[in-house]
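K.L.:
What follows is a single structure, and I will ask about it in a moment.
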2 protein chains.
Amino acid sequence: MALNRSVPVPLYYQLAELIREQIAAGELRPGDQVPGERTLSEQYQISRMTARQALVYLEREGTLVSEQGRGTFVAAPKLTYDALHLLGFTEAMLLRGAKPRARVLEQGVVTPPLRVARDLGLAGGEEAVKIVRLRFSDVTPLLLETSYIPLSRCPGLAQDDLASQSLYTLLEQRYGVRLLRATQTLEATVANAYEQQLFGVAEGMPMILLTGVTFDDHNKPVEQFKAIYRGDRFKLTYESERGAPVGNQVPAPRLSMVLA
Amino acid sequence: MALNRSVPVPLYYQLAELIREQIAAGELRPGDQVPGERTLSEQYQISRMTARQALVYLEREGTLVSEQGRGTFVAAPKLTYDALHLLGFTEAMLLRGAKPRARVLEQGVVTPPLRVARDLGLAGGEEAVKIVRLRFSDVTPLLLETSYIPLSRCPGLAQDDLASQSLYTLLEQRYGVRLLRATQTLEATVANAYEQQLFGVAEGMPMILLTGVTFDDHNKPVEQFKAIYRGDRFKLTYESERGAPVGNQVPAPRLSMVLA
DNA sequence: GTGCCCTAGTGGTATAGAGCAATAGGCTGT
DNA sequence: ACAGCCTATTGCTCTATACCACTAGGGCAC
């Protein structure tokens, strides 16, 4: 609970770590106000500038946001869909005022294919929950999504209701999985016969294929996924900027999936 | 040349701007050492911490890199292809050990289509240089690229040699255009008859269509482009991470085009 | 009530000064 | 010649202090 001055780790960094841990432990929740610069400096017996350095550091990495005259607050995670999954299907839907719906086509425990098992780091024969969902905007099917999650991570997932709630919320809230990182690959393809029928599109319809793996805070793979989007309805926009930082935040390239 | 204390602009920010301008003007070139904290504080009559704040600020945004015991230096631009254009065609080629080649299919002054003129902010009838290039890895055509650049920006471009040199290098070095920002959109499509013949692929081949606009340091549009990639050879990978900053740099999501 | 001002608390900027850690290059002893 | 030390220079951390800008809320005047 105190800082250690006899170790070659900067005080501001120790304090930043400490605050990060408090957030990770749930002692500080998104939206909560963190102690101010003056309070921290007194509490940990450091100068205000040093306390400030820790806060600025955390603000820069996106963990905190501060507002002059009000205080400093724990930032919303804004990762689950946004940066992490890139797709933002639900967001894109809500933005357009359409109602996101899902039909569960498959949900159960299986022995995953070799390629999937490898992505998930599973030993031979280890089981996983397979989930296949078709997602709609109102009545139009837009996206077919297949996910595999190791059974050991989510014992009851095969029985949970997935039609009405997000898989990511479920994983985080019910199974305590903290998703932090994702690798994904996007490519162009055309609809196969099954997909043609499912989406009700013509032969040769261009589609976007998104595959990838999400990882938790221990860098262990959590989910292997594959999603097929209707190519005529989705675009991907990418904005890169080498601009001046706004406040303390350095602008990162923005990438988002938009519905045409 | 001096800082102004009677305006509500922070000193550290004024100094940062000043250094940025010196880099933009070519007085400081990539790799050059910038004056140290102590020198700057004396030179501009500000405290050392304030000078330092300016340097840290510029380091964070990637303009400078500093090394303890050595000094602070102007960073390499590393933008032209990397973050800016996303595609990194030449890089992907060189990485695989293949030789990037280009055949110029069209190069001349035209009155651009309405939609392009709008993107470039051109008045009706204003002319632009149109460039169409087919780009190869060795002998395989992989990418068809069409660019429009306002004629006023690059008077001689219609005559320049584009087969052997990069359009971006040419714009920067010969016409003094500083490309800083890009918006682009990626979508899936299928090859049309002309593209089928050009690439020598079958009907219905999935393709990636990348369109966008690049902007200069005054936020004026410089180029409108459209690129068609062979879908069976290109993938897009995206890696998002919410990690700890390394040094002063916050990791941004990495997006790159890879050749399958 | 309504509008205004004042004030306490917050983050943001700036100062001056101290010591630490890493680097590069010259110097010195062998 | 060479290895090792020494020192100047650089960036990095930290302290203590001051004042400014902005916000929210209480209380006062109307």
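Naming scheme: A, B, ... for chains in displayed order of the structure tokens; residues 1 onward per chain; ligands 1 onward as shown.
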Can you work out which residues from chain C touch chain A at a cut-off of 9 Å (counting only C-alpha atoms (C1' of nucleotides)) and hand them back as a PyMOL selection string?
P.N.:
chain C and resi 9-12
K.L.:
Show me, as a PDB file with N, CA and C atoms (P, O5', C5', C4', C3', O3' and C1' of nucleotides), in the first residue's frame, the residues of chain D whose atoms get within 10 Å of chain A, using only C-alpha atoms (C1' of nucleotides) for the distance check.
P.N.:
```
ATOM      1  P    DC D  12      14.703  11.262 -21.144  1.00  0.00           P
ATOM      2  O5'  DC D  12      15.002  11.065 -19.594  1.00  0.00           O
ATOM      3  C5'  DC D  12      15.403   9.777 -19.130  1.00  0.00           C
ATOM      4  C4'  DC D  12      15.201   9.697 -17.640  1.00  0.00           C
ATOM      5  C3'  DC D  12      13.774  10.019 -17.161  1.00  0.00           C
ATOM      6  O3'  DC D  12      13.353   8.961 -16.327  1.00  0.00           O
ATOM      7  C1'  DC D  12      15.360  11.291 -15.951  1.00  0.00           C
ATOM      8  P    DT D  13      11.898   8.969 -15.745  1.00  0.00           P
ATOM      9  O5'  DT D  13      12.167   9.545 -14.274  1.00  0.00           O
ATOM     10  C5'  DT D  13      12.861   8.730 -13.351  1.00  0.00           C
ATOM     11  C4'  DT D  13      13.052   9.492 -12.071  1.00  0.00           C
ATOM     12  C3'  DT D  13      11.752   9.875 -11.351  1.00  0.00           C
ATOM     13  O3'  DT D  13      11.769   9.231 -10.097  1.00  0.00           O
ATOM     14  C1'  DT D  13      13.292  11.673 -11.393  1.00  0.00           C
ATOM     15  P    DC D  14      10.430   9.231  -9.235  1.00  0.00           P
ATOM     16  O5'  DC D  14      10.581  10.565  -8.362  1.00  0.00           O
ATOM     17  C5'  DC D  14      11.704  10.709  -7.500  1.00  0.00           C
ATOM     18  C4'  DC D  14      11.747  12.126  -6.975  1.00  0.00           C
ATOM     19  C3'  DC D  14      10.399  12.693  -6.498  1.00  0.00           C
ATOM     20  O3'  DC D  14      10.376  12.577  -5.079  1.00  0.00           O
ATOM     21  C1'  DC D  14      11.829  14.301  -7.570  1.00  0.00           C
ATOM     22  P    DT D  15       9.165  13.206  -4.246  1.00  0.00           P
ATOM     23  O5'  DT D  15       9.686  14.677  -3.969  1.00  0.00           O
ATOM     24  C5'  DT D  15      10.936  14.859  -3.320  1.00  0.00           C
ATOM     25  C4'  DT D  15      11.177  16.329  -3.112  1.00  0.00           C
ATOM     26  C3'  DT D  15       9.998  17.093  -2.513  1.00  0.00           C
ATOM     27  O3'  DT D  15      10.384  17.668  -1.286  1.00  0.00           O
ATOM     28  C1'  DT D  15      10.909  18.227  -4.402  1.00  0.00           C
ATOM     29  P    DA D  16       9.304  18.071  -0.188  1.00  0.00           P
ATOM     30  O5'  DA D  16       9.126  19.618  -0.495  1.00  0.00           O
ATOM     31  C5'  DA D  16      10.264  20.450  -0.640  1.00  0.00           C
ATOM     32  C4'  DA D  16       9.809  21.815  -1.141  1.00  0.00           C
ATOM     33  C3'  DA D  16       8.417  22.234  -0.648  1.00  0.00           C
ATOM     34  O3'  DA D  16       8.518  23.519  -0.049  1.00  0.00           O
ATOM     35  C1'  DA D  16       8.589  22.506  -2.989  1.00  0.00           C
ATOM     36  P    DA D  21      -5.924  32.700 -16.114  1.00  0.00           P
ATOM     37  O5'  DA D  21      -6.582  31.246 -16.138  1.00  0.00           O
ATOM     38  C5'  DA D  21      -6.065  30.267 -17.028  1.00  0.00           C
ATOM     39  C4'  DA D  21      -7.070  29.143 -17.152  1.00  0.00           C
ATOM     40  C3'  DA D  21      -8.505  29.590 -17.403  1.00  0.00           C
ATOM     41  O3'  DA D  21      -9.082  28.638 -18.269  1.00  0.00           O
ATOM     42  C1'  DA D  21      -8.395  28.394 -15.352  1.00  0.00           C
ATOM     43  P    DC D  22     -10.557  28.868 -18.808  1.00  0.00           P
ATOM     44  O5'  DC D  22     -11.397  27.763 -18.028  1.00  0.00           O
ATOM     45  C5'  DC D  22     -10.957  26.407 -18.050  1.00  0.00           C
ATOM     46  C4'  DC D  22     -11.701  25.649 -16.984  1.00  0.00           C
ATOM     47  C3'  DC D  22     -13.221  25.840 -17.018  1.00  0.00           C
ATOM     48  O3'  DC D  22     -13.776  24.575 -17.326  1.00  0.00           O
ATOM     49  C1'  DC D  22     -12.353  25.976 -14.799  1.00  0.00           C
ATOM     50  P    DT D  23     -15.345  24.368 -17.481  1.00  0.00           P
ATOM     51  O5'  DT D  23     -15.809  23.895 -16.033  1.00  0.00           O
ATOM     52  C5'  DT D  23     -15.235  22.716 -15.497  1.00  0.00           C
ATOM     53  C4'  DT D  23     -15.816  22.454 -14.131  1.00  0.00           C
ATOM     54  C3'  DT D  23     -17.329  22.559 -14.050  1.00  0.00           C
ATOM     55  O3'  DT D  23     -17.799  21.290 -13.654  1.00  0.00           O
ATOM     56  C1'  DT D  23     -16.284  23.758 -12.263  1.00  0.00           C
ATOM     57  P    DA D  24     -19.383  21.005 -13.649  1.00  0.00           P
ATOM     58  O5'  DA D  24     -19.727  21.231 -12.111  1.00  0.00           O
ATOM     59  C5'  DA D  24     -18.895  20.616 -11.135  1.00  0.00           C
ATOM     60  C4'  DA D  24     -19.356  21.017  -9.750  1.00  0.00           C
ATOM     61  C3'  DA D  24     -20.875  21.087  -9.570  1.00  0.00           C
ATOM     62  O3'  DA D  24     -21.195  20.476  -8.349  1.00  0.00           O
ATOM     63  C1'  DA D  24     -19.896  23.164  -8.992  1.00  0.00           C
TER      64       DA D  24
END
```
K.L.:
Using backbone DSSP assignments, extract all helix (DSSP H, G or I) residues from region 24-87 of chain A; output them as a list in words.
P.N.:
Ala24, Glu37, Arg38, Thr39, Leu40, Ser41, Glu42, Gln43, Arg48, Met49, Thr50, Ala51, Arg52, Gln53, Ala54, Leu55, Val56, Tyr57, Leu58, Glu59, Arg60, Leu79, Thr80, Tyr81, Asp82 and Ala83 of chain A
K.L.:
Run DSSP on the backbone and grab whatever in region 64-205 of chain A lands in strand (DSSP E or B); send it over as number ranges by chain.
P.N.:
A: 64-67, 71-74, 100-110, 128-137, 140-150, 179-190
K.L.:
State, in Å with one decimal place, the distance from CA of Leu170 (chain A) to CA of Leu28 (chain A).
P.N.:
20.9 Å
K.L.:
I want to know what sits within 7 Å of region 227-229 of chain A, based on only C-alpha atoms (C1' of nucleotides), with residues of the same chain fewer than 4 positions away left out; could you give that as a count of residues only?
P.N.:
11
K.L.:
Can you work out which one of A:Arg29, A:Arg115, A:Arg20, A:Arg5 has the shortest atom-to-atom distance to chain B, counting only C-alpha atoms?
P.N.:
A:Arg20
K.L.:
With only C-alpha atoms (C1' of nucleotides) as the counted atoms, please give the residues lying no more than 8 Å from region 163-167 of chain B, apart from itself and same-chain residues fewer than 2 positions off, as a list in words.
P.N.:
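Contacts, with the query itself left out: Arg101, Ala102, Arg103, Val104, Asp161, Thr169, Leu170 and Leu171 of chain B.
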K.L.:
How many Å lie between CA of Thr214 (chain B) and CA of Ala191 (chain B), rounded to one decimal?
P.N.:
25.0 Å
K.L.:
When you count only C-alpha atoms, which of these residues is closest to chain B: A:Ala25, A:Leu64, A:Ala193, A:Leu58?
P.N.:
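For chain B, the nearest of the given residues is A:Leu58.
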K.L.:
Near Pro221 (chain A), within 10 Å and counting only C-alpha atoms (C1' of nucleotides), which residues show up once chain neighbours fewer than 4 positions away are dropped, as a count of residues only?
P.N.:
14
K.L.:
Which is closer to chain A than all the others in B:Leu55, B:Ala202, B:Leu186, B:Ile19, using only C-alpha atoms?
P.N.:
B:Leu186
K.L.:
By how many Å are CA of Thr63 (chain A) and CA of Asp32 (chain A) apart?
P.N.:
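Going from CA of Thr63 (chain A) over to CA of Asp32 (chain A), I get 11.8 Å.
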K.L.:
Counting only C-alpha atoms, which residue out of B:Ala123, B:Val109, B:Val56, B:Ala51 sits closest to chain A?
P.N.:
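Between B:Ala123, B:Val109, B:Val56, B:Ala51, the residue approaching chain A most closely is B:Val56.
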